[in-house]
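Printed here is coords-v4.cif (mmCIF, C-alpha atoms and all ligand atoms):
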data_query
#
loop_
_atom_site.group_PDB
_atom_site.id
_atom_site.type_symbol
_atom_site.label_atom_id
_atom_site.label_comp_id
_atom_site.auth_asym_id
_atom_site.auth_seq_id
_atom_site.Cartn_x
_atom_site.Cartn_y
_atom_site.Cartn_z
ATOM 1 C CA MET A 12 -10.966 -9.905 14.218
ATOM 2 C CA ASN A 13 -10.324 -6.488 12.639
ATOM 3 C CA ARG A 14 -9.260 -7.719 9.190
ATOM 4 C CA THR A 15 -6.537 -5.816 7.300
ATOM 5 C CA SER A 16 -7.849 -4.266 4.108
ATOM 6 C CA GLY A 17 -7.195 -1.435 1.706
ATOM 7 C CA LEU A 18 -4.135 0.701 1.178
ATOM 8 C CA ARG A 19 -4.539 2.349 4.557
ATOM 9 C CA GLY A 20 -4.732 -0.932 6.471
ATOM 10 C CA TRP A 21 -1.616 -2.362 4.800
ATOM 11 C CA SER A 22 0.330 0.922 5.040
ATOM 12 C CA LYS A 23 -0.093 0.857 8.801
ATOM 13 C CA TRP A 24 1.596 -2.563 8.949
ATOM 14 C CA LEU A 25 4.315 -1.478 6.529
ATOM 15 C CA VAL A 26 5.331 1.431 8.728
ATOM 16 C CA GLY A 27 5.588 -0.840 11.775
ATOM 17 C CA TRP A 28 7.467 -3.510 9.820
ATOM 18 C CA GLY A 29 10.003 -0.987 8.516
ATOM 19 C CA ARG A 30 10.749 0.034 12.088
ATOM 20 C CA LEU A 31 11.235 -3.502 13.304
ATOM 21 C CA GLU A 32 14.562 -3.055 15.020
ATOM 22 C CA LYS A 33 14.590 -5.349 18.003
ATOM 23 C CA ILE A 34 16.510 -8.112 16.333
ATOM 24 C CA ARG A 35 17.823 -10.285 19.109
ATOM 25 C CA VAL A 36 17.952 -13.563 17.266
ATOM 26 C CA SER A 37 20.890 -15.073 15.490
ATOM 27 C CA GLU A 38 20.349 -14.282 11.818
ATOM 28 C CA ALA A 39 22.909 -17.002 11.075
ATOM 29 C CA LEU A 40 20.165 -19.499 11.903
ATOM 30 C CA PHE A 41 18.233 -18.314 8.879
ATOM 31 C CA SER A 42 21.141 -17.722 6.498
ATOM 32 C CA PRO A 43 20.821 -21.096 4.637
ATOM 33 C CA TYR A 44 17.199 -20.264 4.137
ATOM 34 C CA VAL A 45 17.861 -16.787 2.731
ATOM 35 C CA ALA A 46 20.587 -18.249 0.474
ATOM 36 C CA ALA A 47 18.104 -20.837 -0.837
ATOM 37 C CA TRP A 48 15.582 -18.042 -1.527
ATOM 38 C CA ARG A 49 18.092 -16.392 -3.884
ATOM 39 C CA GLY A 50 18.663 -19.624 -5.828
ATOM 40 C CA VAL A 51 14.974 -20.517 -6.190
ATOM 41 C CA ARG A 52 14.166 -17.485 -8.293
ATOM 42 C CA LYS A 53 16.463 -18.619 -11.084
ATOM 43 C CA SER A 54 15.238 -22.219 -11.111
ATOM 44 C CA GLN A 55 13.255 -23.636 -14.013
ATOM 45 C CA VAL A 56 10.732 -25.354 -11.782
ATOM 46 C CA PHE A 57 9.865 -22.052 -10.082
ATOM 47 C CA SER A 58 9.119 -20.517 -13.503
ATOM 48 C CA GLN A 59 6.978 -23.552 -14.379
ATOM 49 C CA ILE A 60 4.856 -23.164 -11.231
ATOM 50 C CA LYS A 61 4.448 -19.454 -11.935
ATOM 51 C CA ARG A 62 3.026 -20.381 -15.342
ATOM 52 C CA VAL A 63 0.554 -22.808 -13.718
ATOM 53 C CA GLU A 64 -0.438 -20.048 -11.261
ATOM 54 C CA ARG A 65 -1.048 -17.589 -14.091
ATOM 55 C CA ALA A 66 -3.283 -20.143 -15.842
ATOM 56 C CA LEU A 67 -5.257 -20.798 -12.633
ATOM 57 C CA ARG A 68 -5.872 -17.088 -12.231
ATOM 58 C CA LYS A 69 -7.629 -17.156 -15.600
ATOM 59 C CA THR A 70 -9.641 -20.359 -14.984
ATOM 60 C CA GLU A 71 -13.303 -19.495 -14.613
ATOM 61 C CA ASP A 72 -14.476 -23.065 -13.698
ATOM 62 C CA VAL A 73 -16.636 -23.007 -10.594
ATOM 63 C CA VAL A 74 -15.832 -25.220 -7.602
ATOM 64 C CA GLU A 75 -18.394 -26.075 -4.944
ATOM 65 C CA LEU A 76 -16.596 -26.073 -1.642
ATOM 66 C CA ARG A 77 -17.112 -26.196 2.081
ATOM 67 C CA ASP A 78 -15.591 -23.057 3.520
ATOM 68 C CA PHE A 79 -13.892 -23.429 6.920
ATOM 69 C CA GLY A 80 -12.323 -19.986 6.818
ATOM 70 C CA ALA A 81 -12.449 -17.354 9.550
ATOM 71 C CA GLY A 82 -16.018 -16.594 10.635
ATOM 72 C CA CYS A 83 -17.529 -19.838 9.232
ATOM 73 C CA PRO A 84 -19.339 -22.401 11.429
ATOM 74 C CA ALA A 85 -17.431 -25.493 12.651
ATOM 75 C CA GLU A 86 -19.053 -27.737 10.002
ATOM 76 C CA GLY A 87 -18.064 -25.268 7.273
ATOM 77 C CA ARG A 88 -20.316 -23.261 4.960
ATOM 78 C CA LEU A 89 -21.190 -24.502 1.472
ATOM 79 C CA ARG A 90 -20.422 -21.998 -1.221
ATOM 80 C CA LYS A 91 -19.321 -21.746 -4.836
ATOM 81 C CA SER A 92 -16.249 -19.968 -6.076
ATOM 82 C CA SER A 93 -14.380 -19.705 -9.341
ATOM 83 C CA VAL A 94 -10.909 -21.180 -9.483
ATOM 84 C CA SER A 95 -9.572 -17.806 -10.563
ATOM 85 C CA SER A 96 -10.913 -16.007 -7.523
ATOM 86 C CA MET A 97 -9.540 -18.669 -5.142
ATOM 87 C CA ALA A 98 -6.181 -18.570 -6.895
ATOM 88 C CA LYS A 99 -6.102 -14.790 -6.460
ATOM 89 C CA SER A 100 -7.404 -14.570 -2.919
ATOM 90 C CA ALA A 101 -6.408 -17.743 -1.047
ATOM 91 C CA SER A 102 -3.523 -19.498 -2.831
ATOM 92 C CA SER A 103 0.152 -18.843 -2.271
ATOM 93 C CA ASP A 104 1.430 -16.436 -4.933
ATOM 94 C CA PRO A 105 4.981 -16.567 -6.349
ATOM 95 C CA ARG A 106 6.385 -14.189 -3.693
ATOM 96 C CA LYS A 107 5.249 -16.581 -0.974
ATOM 97 C CA GLY A 108 6.057 -19.578 -3.163
ATOM 98 C CA GLN A 109 9.688 -18.521 -3.494
ATOM 99 C CA TRP A 110 10.038 -18.607 0.300
ATOM 100 C CA LEU A 111 8.164 -21.919 0.542
ATOM 101 C CA MET A 112 10.479 -23.552 -1.985
ATOM 102 C CA ALA A 113 13.453 -22.106 -0.123
ATOM 103 C CA ALA A 114 12.089 -23.461 3.172
ATOM 104 C CA ALA A 115 11.860 -26.969 1.729
ATOM 105 C CA GLN A 116 15.424 -26.726 0.391
ATOM 106 C CA ALA A 117 16.844 -25.333 3.622
ATOM 107 C CA ALA A 118 14.965 -27.851 5.784
ATOM 108 C CA GLY A 119 16.527 -30.597 3.662
ATOM 109 C CA VAL A 120 19.994 -29.182 4.341
ATOM 110 C CA GLY A 121 20.558 -27.922 0.817
ATOM 111 C CA GLY A 122 18.912 -30.919 -0.832
ATOM 112 C CA ARG A 123 20.919 -33.580 1.019
ATOM 113 C CA ASN A 124 18.151 -34.949 3.289
ATOM 114 C CA PRO A 125 14.509 -35.772 2.539
ATOM 115 C CA VAL A 126 12.011 -33.435 4.198
ATOM 116 C CA ARG A 127 8.840 -34.428 6.031
ATOM 117 C CA ILE A 128 6.268 -31.714 5.295
ATOM 118 C CA LEU A 129 2.911 -30.960 6.940
ATOM 119 C CA GLU A 130 0.568 -28.322 5.485
ATOM 120 C CA LEU A 131 -2.635 -27.193 7.221
ATOM 121 C CA GLY A 132 -5.028 -25.824 4.589
ATOM 122 C CA THR A 133 -4.092 -26.801 1.022
ATOM 123 C CA CYS A 134 -6.711 -24.963 -1.092
ATOM 124 C CA LEU A 135 -5.750 -25.532 -4.776
ATOM 125 C CA GLY A 136 -2.404 -27.118 -3.909
ATOM 126 C CA SER A 137 -0.219 -24.116 -4.734
ATOM 127 C CA GLY A 138 1.642 -24.113 -1.418
ATOM 128 C CA GLY A 139 2.137 -27.880 -1.631
ATOM 129 C CA ASP A 140 3.469 -27.572 -5.182
ATOM 130 C CA TYR A 141 6.062 -24.969 -4.155
ATOM 131 C CA LEU A 142 7.044 -26.962 -1.054
ATOM 132 C CA LEU A 143 7.449 -30.271 -2.891
ATOM 133 C CA SER A 144 9.278 -28.576 -5.760
ATOM 134 C CA GLY A 145 11.924 -27.360 -3.318
ATOM 135 C CA ALA A 146 12.109 -30.639 -1.384
ATOM 136 C CA PRO A 147 14.760 -33.248 -2.201
ATOM 137 C CA GLN A 148 13.992 -36.711 -3.596
ATOM 138 C CA GLY A 149 12.387 -39.082 -1.096
ATOM 139 C CA SER A 150 10.567 -36.304 0.775
ATOM 140 C CA SER A 151 7.033 -36.713 2.070
ATOM 141 C CA TYR A 152 4.043 -34.391 2.236
ATOM 142 C CA LEU A 153 0.877 -34.571 4.306
ATOM 143 C CA GLY A 154 -1.781 -31.965 3.535
ATOM 144 C CA LEU A 155 -4.917 -31.433 5.644
ATOM 145 C CA GLU A 156 -7.848 -29.779 3.886
ATOM 146 C CA GLY A 157 -11.427 -29.336 5.053
ATOM 147 C CA SER A 158 -13.121 -29.069 1.685
ATOM 148 C CA ALA A 159 -13.336 -32.327 -0.308
ATOM 149 C CA SER A 160 -13.319 -30.550 -3.675
ATOM 150 C CA LEU A 161 -10.188 -28.570 -2.781
ATOM 151 C CA ALA A 162 -8.490 -31.703 -1.413
ATOM 152 C CA ASP A 163 -9.142 -33.304 -4.840
ATOM 153 C CA TRP A 164 -7.650 -30.285 -6.584
ATOM 154 C CA THR A 165 -4.593 -30.590 -4.366
ATOM 155 C CA ARG A 166 -4.204 -34.334 -5.063
ATOM 156 C CA ARG A 167 -4.389 -33.732 -8.821
ATOM 157 C CA ARG A 168 -2.025 -30.789 -8.634
ATOM 158 C CA LEU A 169 0.541 -32.781 -6.637
ATOM 159 C CA GLN A 170 0.255 -35.980 -8.704
ATOM 160 C CA ARG A 171 3.460 -35.208 -10.610
ATOM 161 C CA HIS A 172 5.363 -35.214 -7.297
ATOM 162 C CA SER A 173 3.905 -38.651 -6.413
ATOM 163 C CA ASP A 174 4.891 -39.843 -9.885
ATOM 164 C CA ALA A 175 8.398 -38.585 -9.193
ATOM 165 C CA GLY A 176 8.612 -40.777 -6.073
ATOM 166 C CA MET A 177 7.529 -38.392 -3.305
ATOM 167 C CA ASP A 178 5.158 -39.734 -0.648
ATOM 168 C CA VAL A 179 2.134 -37.412 -1.037
ATOM 169 C CA ARG A 180 -1.019 -37.695 1.095
ATOM 170 C CA VAL A 181 -3.970 -35.329 1.432
ATOM 171 C CA GLU A 182 -6.500 -35.926 4.251
ATOM 172 C CA THR A 183 -9.971 -34.430 3.962
ATOM 173 C CA GLY A 184 -12.010 -33.027 6.860
ATOM 174 C CA PRO A 185 -12.010 -30.185 9.356
ATOM 175 C CA PHE A 186 -8.744 -29.925 11.316
ATOM 176 C CA GLU A 187 -10.623 -30.823 14.497
ATOM 177 C CA GLN A 188 -11.136 -34.262 12.921
ATOM 178 C CA THR A 189 -7.878 -34.792 11.007
ATOM 179 C CA LEU A 190 -5.286 -33.164 13.268
ATOM 180 C CA PRO A 191 -5.748 -35.415 16.367
ATOM 181 C CA ALA A 192 -4.648 -38.499 14.368
ATOM 182 C CA VAL A 193 -1.563 -36.642 13.118
ATOM 183 C CA ILE A 194 -0.635 -35.635 16.682
ATOM 184 C CA ALA A 195 -1.304 -39.147 18.021
ATOM 185 C CA ALA A 196 0.980 -40.711 15.373
ATOM 186 C CA LYS A 197 3.895 -38.708 16.886
ATOM 187 C CA ARG A 198 5.540 -38.652 13.476
ATOM 188 C CA PRO A 199 8.122 -35.836 13.299
ATOM 189 C CA PHE A 200 8.011 -33.078 10.659
ATOM 190 C CA ASP A 201 10.897 -30.993 9.339
ATOM 191 C CA LEU A 202 8.673 -28.345 7.793
ATOM 192 C CA VAL A 203 5.197 -27.268 8.843
ATOM 193 C CA PHE A 204 3.120 -24.726 6.915
ATOM 194 C CA LEU A 205 0.285 -23.292 9.020
ATOM 195 C CA ASP A 206 -2.150 -21.812 6.516
ATOM 196 C CA GLY A 207 -5.604 -22.949 7.608
ATOM 197 C CA CYS A 208 -7.725 -20.934 9.967
ATOM 198 C CA HIS A 209 -6.752 -17.256 10.140
ATOM 199 C CA GLU A 210 -7.808 -16.674 13.724
ATOM 200 C CA GLY A 211 -5.226 -15.935 16.397
ATOM 201 C CA GLU A 212 -6.498 -18.308 19.098
ATOM 202 C CA ILE A 213 -6.834 -21.187 16.634
ATOM 203 C CA LEU A 214 -3.330 -20.537 15.333
ATOM 204 C CA MET A 215 -1.976 -20.632 18.916
ATOM 205 C CA ASP A 216 -3.852 -23.864 19.568
ATOM 206 C CA GLN A 217 -2.480 -25.487 16.383
ATOM 207 C CA TRP A 218 1.015 -24.338 17.343
ATOM 208 C CA ARG A 219 0.754 -25.858 20.837
ATOM 209 C CA LYS A 220 -0.396 -29.178 19.376
ATOM 210 C CA ILE A 221 2.137 -29.351 16.563
ATOM 211 C CA GLN A 222 5.214 -28.065 18.401
ATOM 212 C CA PRO A 223 6.077 -31.492 19.938
ATOM 213 C CA LEU A 224 6.166 -32.978 16.401
ATOM 214 C CA LEU A 225 8.720 -30.484 15.107
ATOM 215 C CA ALA A 226 12.136 -32.020 14.324
ATOM 216 C CA PRO A 227 15.081 -30.393 16.183
ATOM 217 C CA ASN A 228 16.069 -28.150 13.244
ATOM 218 C CA GLY A 229 12.557 -27.918 11.822
ATOM 219 C CA LEU A 230 10.952 -24.845 10.279
ATOM 220 C CA VAL A 231 7.413 -23.605 10.786
ATOM 221 C CA VAL A 232 6.016 -21.185 8.213
ATOM 222 C CA VAL A 233 3.034 -19.179 9.462
ATOM 223 C CA ASP A 234 1.017 -17.537 6.715
ATOM 224 C CA ASP A 235 -0.862 -14.250 6.767
ATOM 225 C CA ILE A 236 0.636 -12.903 9.972
ATOM 226 C CA ARG A 237 -0.794 -9.459 9.200
ATOM 227 C CA TRP A 238 -4.166 -10.692 7.923
ATOM 228 C CA SER A 239 -5.796 -9.140 10.995
ATOM 229 C CA VAL A 240 -4.848 -7.477 14.283
ATOM 230 C CA ASP A 241 -5.692 -10.765 15.939
ATOM 231 C CA MET A 242 -3.367 -12.825 13.684
ATOM 232 C CA HIS A 243 -0.544 -10.340 14.197
ATOM 233 C CA ALA A 244 -0.960 -10.491 17.981
ATOM 234 C CA ALA A 245 -0.717 -14.306 17.795
ATOM 235 C CA TRP A 246 2.406 -14.052 15.589
ATOM 236 C CA LEU A 247 4.054 -11.695 18.120
ATOM 237 C CA ARG A 248 3.397 -14.256 20.847
ATOM 238 C CA LEU A 249 4.962 -16.998 18.746
ATOM 239 C CA ALA A 250 7.931 -14.832 17.764
ATOM 240 C CA SER A 251 8.597 -13.998 21.425
ATOM 241 C CA ASP A 252 8.838 -17.646 22.465
ATOM 242 C CA PRO A 253 12.244 -17.888 24.183
ATOM 243 C CA LYS A 254 12.857 -21.324 22.646
ATOM 244 C CA MET A 255 12.324 -20.165 19.061
ATOM 245 C CA ALA A 256 14.031 -17.853 16.589
ATOM 246 C CA ALA A 257 11.681 -15.901 14.328
ATOM 247 C CA LEU A 258 11.996 -14.302 10.895
ATOM 248 C CA ASP A 259 9.410 -11.767 9.735
ATOM 249 C CA LEU A 260 8.741 -11.848 5.953
ATOM 250 C CA PHE A 261 5.917 -9.307 6.254
ATOM 251 C CA ARG A 262 3.012 -11.475 5.050
ATOM 252 C CA MET A 263 4.491 -14.718 6.386
ATOM 253 C CA GLY A 264 6.645 -15.554 9.387
ATOM 254 C CA ILE A 265 9.129 -18.374 10.001
ATOM 255 C CA LEU A 266 10.003 -20.015 13.284
ATOM 256 C CA THR A 267 12.768 -22.448 14.119
ATOM 257 C CA PRO A 268 13.896 -23.902 17.444
ATOM 258 C CA ASP A 269 16.830 -21.995 18.922
ATOM 259 C CA ALA A 270 18.230 -23.419 22.138
ATOM 260 C CA ALA A 271 20.398 -20.334 22.642
ATOM 261 C CA ALA A 272 17.707 -17.744 22.040
ATOM 262 C CA GLY A 273 16.626 -16.840 25.611
ATOM 263 C CA PRO A 274 14.062 -14.135 26.375
ATOM 264 C CA ARG A 275 13.454 -11.614 23.597
ATOM 265 C CA ASP A 276 10.631 -9.580 22.177
ATOM 266 C CA GLY A 277 11.086 -9.444 18.456
ATOM 267 C CA ALA A 278 11.823 -11.165 15.189
ATOM 268 C CA ALA A 279 14.510 -10.660 12.577
ATOM 269 C CA ARG A 280 13.209 -9.374 9.309
ATOM 270 C CA VAL A 281 14.282 -9.586 5.684
ATOM 271 C CA SER A 282 14.868 -6.571 3.458
ATOM 272 C CA TRP A 283 11.949 -4.921 1.690
ATOM 273 C CA ARG A 284 12.944 -6.503 -1.633
ATOM 274 C CA GLN A 285 12.893 -9.985 -0.099
ATOM 275 C CA ARG A 286 9.509 -9.754 1.623
ATOM 276 C CA ALA A 287 6.937 -12.497 0.938
HETATM 277 C C1 LIG A 301 -5.420 -19.765 2.631
HETATM 278 S S1 LIG A 301 -6.056 -21.294 2.069
HETATM 279 C C2 LIG A 301 -4.610 -22.291 1.940
HETATM 280 C C3 LIG A 301 -3.698 -21.918 0.817
HETATM 281 C C4 LIG A 301 -2.595 -22.910 0.572
HETATM 282 N N1 LIG A 301 -1.903 -23.242 1.806
HETATM 283 C C5 LIG A 301 -1.602 -22.374 -0.416
HETATM 284 O O1 LIG A 301 -0.452 -22.136 -0.019
HETATM 285 O O2 LIG A 301 -1.940 -22.182 -1.580
HETATM 286 C C6 LIG A 301 -6.778 -21.952 3.521
HETATM 287 C C7 LIG A 301 -7.359 -23.343 3.349
HETATM 288 O O3 LIG A 301 -7.600 -23.856 4.653
HETATM 289 C C8 LIG A 301 -8.804 -24.585 4.634
HETATM 290 N N2 LIG A 301 -9.339 -24.532 6.007
HETATM 291 C C9 LIG A 301 -9.625 -23.417 6.729
HETATM 292 N N3 LIG A 301 -10.093 -23.742 7.939
HETATM 293 C C10 LIG A 301 -10.106 -25.106 7.999
HETATM 294 C C11 LIG A 301 -10.488 -26.054 8.986
HETATM 295 N N4 LIG A 301 -10.940 -25.674 10.186
HETATM 296 N N5 LIG A 301 -10.370 -27.364 8.712
HETATM 297 C C12 LIG A 301 -9.887 -27.765 7.495
HETATM 298 N N6 LIG A 301 -9.528 -26.925 6.511
HETATM 299 C C13 LIG A 301 -9.626 -25.603 6.754
HETATM 300 C C14 LIG A 301 -9.668 -23.869 3.622
HETATM 301 O O4 LIG A 301 -10.640 -24.748 3.057
HETATM 302 C C15 LIG A 301 -8.670 -23.369 2.594
HETATM 303 O O5 LIG A 301 -8.563 -24.248 1.517
#

Serialized structure, structure tokens:
Amino acid sequence: MNRTSGLRGWSKWLVGWGRLEKIRVSEALFSPYVAAWRGVRKSQVFSQIKRVERALRKTEDVVELRDFGAGCPAEGRLRKSSVSSMAKSASSDPRKGQWLMAAAQAAGVGGRNPVRILELGTCLGSGGDYLLSGAPQGSSYLGLEGSASLADWTRRRLQRHSDAGMDVRVETGPFEQTLPAVIAAKRPFDLVFLDGCHEGEILMDQWRKIQPLLAPNGLVVVDDIRWSVDMHAAWLRLASDPKMAALDLFRMGILTPDAAAGPRDGAARVSWRQRA
């Protein structure tokens, strides 16, 4: 797996990212998304979520969870963790959150259309909160989470969006059990956030299964694309798909269908200041 760690590990990726020059995709495809990113930062709701995140990072309550992360057995591994350490290590932080909110706004065509969202791996509900906060009224969210205690956290965290009229559902169980029903329902999604298992082959498998459900102008956000050599290799394969345009945000990547893309071997990238 060769996990990225330490200053040295991340510096290596930074050098490569800075040299990312083979931009053969239409950046215009992503321009509504980048414009939304600028607006999100100034919004009140974004500041509110940041406050919630800060509080979670100081919450020492212990949660008993079933860990399905990389390297764990298929049935998960029982362990305990404090909320603060999960908030720091596994939840989407505000840099990622700003892009997630922007994705939900852009996928809803600037707030005009409701967005159908699917998130794989919800943890404490941070990603879902950012996504639903950017999504227009009438949007829907389906989260899949392996650990029952974390699924409960997510439901509680997202309750205010249900109260505001959004259709929010969180399914509990390993993806191997919950994902087949989602695929079989053939319900389209405008925005998919892949943030469950951080293993390249599993990511590719999830992508293959979910791709037919993606709406024509849908967005797929892939988290932790430089979490390991293996994850980065999988991201490069996704970004080179001739049917997709790709945007590299350093820690996350975005894909969207692009009929005109043709063969290419790279992704567009944002400026250093805008990275996730
Ligand atoms: C990085 S965290 C998700 C963070 C969240 N998306 C956010 O933005 O805050 C990954 C989550 O995926 C869940 N997960 C990992 N592998 C899984 C599997 N095979 N089945 C179900 N859930 C899984 C973990 O329990 C964990 O909560």

### Message
Please return as a PyMOL selection string the residues found within 9 Å of ligand LIG 301 (chain A), counting all atoms listed in the file.
### Response
chain A and resi 76-81+83+85-87+97-98+100-104+107-108+111+130-142+154-159+161-162+183-190+204-209+213+234-235

Between region 138-167 of chain A and region 194-202 of chain A, at 10 Å or less, what are the per-residue closest atom pairs and their distances in Å? Count only C-alpha atoms, order by chain and rising residue number, and return it as a tab-separated table.
residue	atom	partner	partner_atom	distance
A:Leu142	CA	A:Leu202	CA	9.1
A:Ser151	CA	A:Phe200	CA	9.4
A:Tyr152	CA	A:Phe200	CA	9.4
A:Leu153	CA	A:Phe200	CA	9.7

### Query
Which neighbours of Ala115 (chain A) fall inside 8 Å, counting only C-alpha atoms, when residues of the same chain fewer than 5 positions from it are skipped, and could you give them as number ranges by chain?
A: 126, 142-143, 145-147, 202

#### Entry: Distance of CA of Gly17 (chain A) from CA of Gly264 (chain A), expressed in Å to one decimal place
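Between CA of Gly264 (chain A) and CA of Gly17 (chain A) the gap works out to 21.2 Å.
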
Can you tell me, as AutoDock Vina command-line options, the centre and edge lengths (Å, one decimal) of the axis-aligned box enclosing all of region 181-200 of chain A's listed atoms after padding each side by 6 Å?
--center_x -1.9 --center_y -35.3 --center_z 9.7 --size_x 32.1 --size_y 22.8 --size_z 28.6

### Task
Enter the distance from CA of Leu225 (chain A) to CA of Val203 (chain A), in Å, rounded to one decimal.
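If I compute the distance from CA of Leu225 (chain A) to CA of Val203 (chain A), I get 7.9 Å.
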
### For CA of Met215 (chain A) and CA of Val193 (chain A), the interatomic separation in Å (one decimal)
17.0 Å

### Message
Could you tell me, as a list in words, exactly which residues end up selected when the PyMOL selection byres (((chain A and resi 123) around 12) and not hetatm) is applied to this structure?
### Response
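The output of the PyMOL selection byres (((chain A and resi 123) around 12) and not hetatm) on this file is Ala115, Gln116, Ala117, Ala118, Gly119, Val120, Gly121, Gly122, Asn124, Pro125, Val126, Gly145, Ala146, Pro147, Gln148, Gly149 and Ser150 of chain A.
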
### Task
Kindly indicate which residue among A:Thr165, A:Pro191, A:Leu260, A:Pro253 lies nearest to Arg284 (chain A), using only C-alpha atoms for the distances.
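Ranked by minimum distance to Arg284 (chain A), first place goes to A:Leu260.
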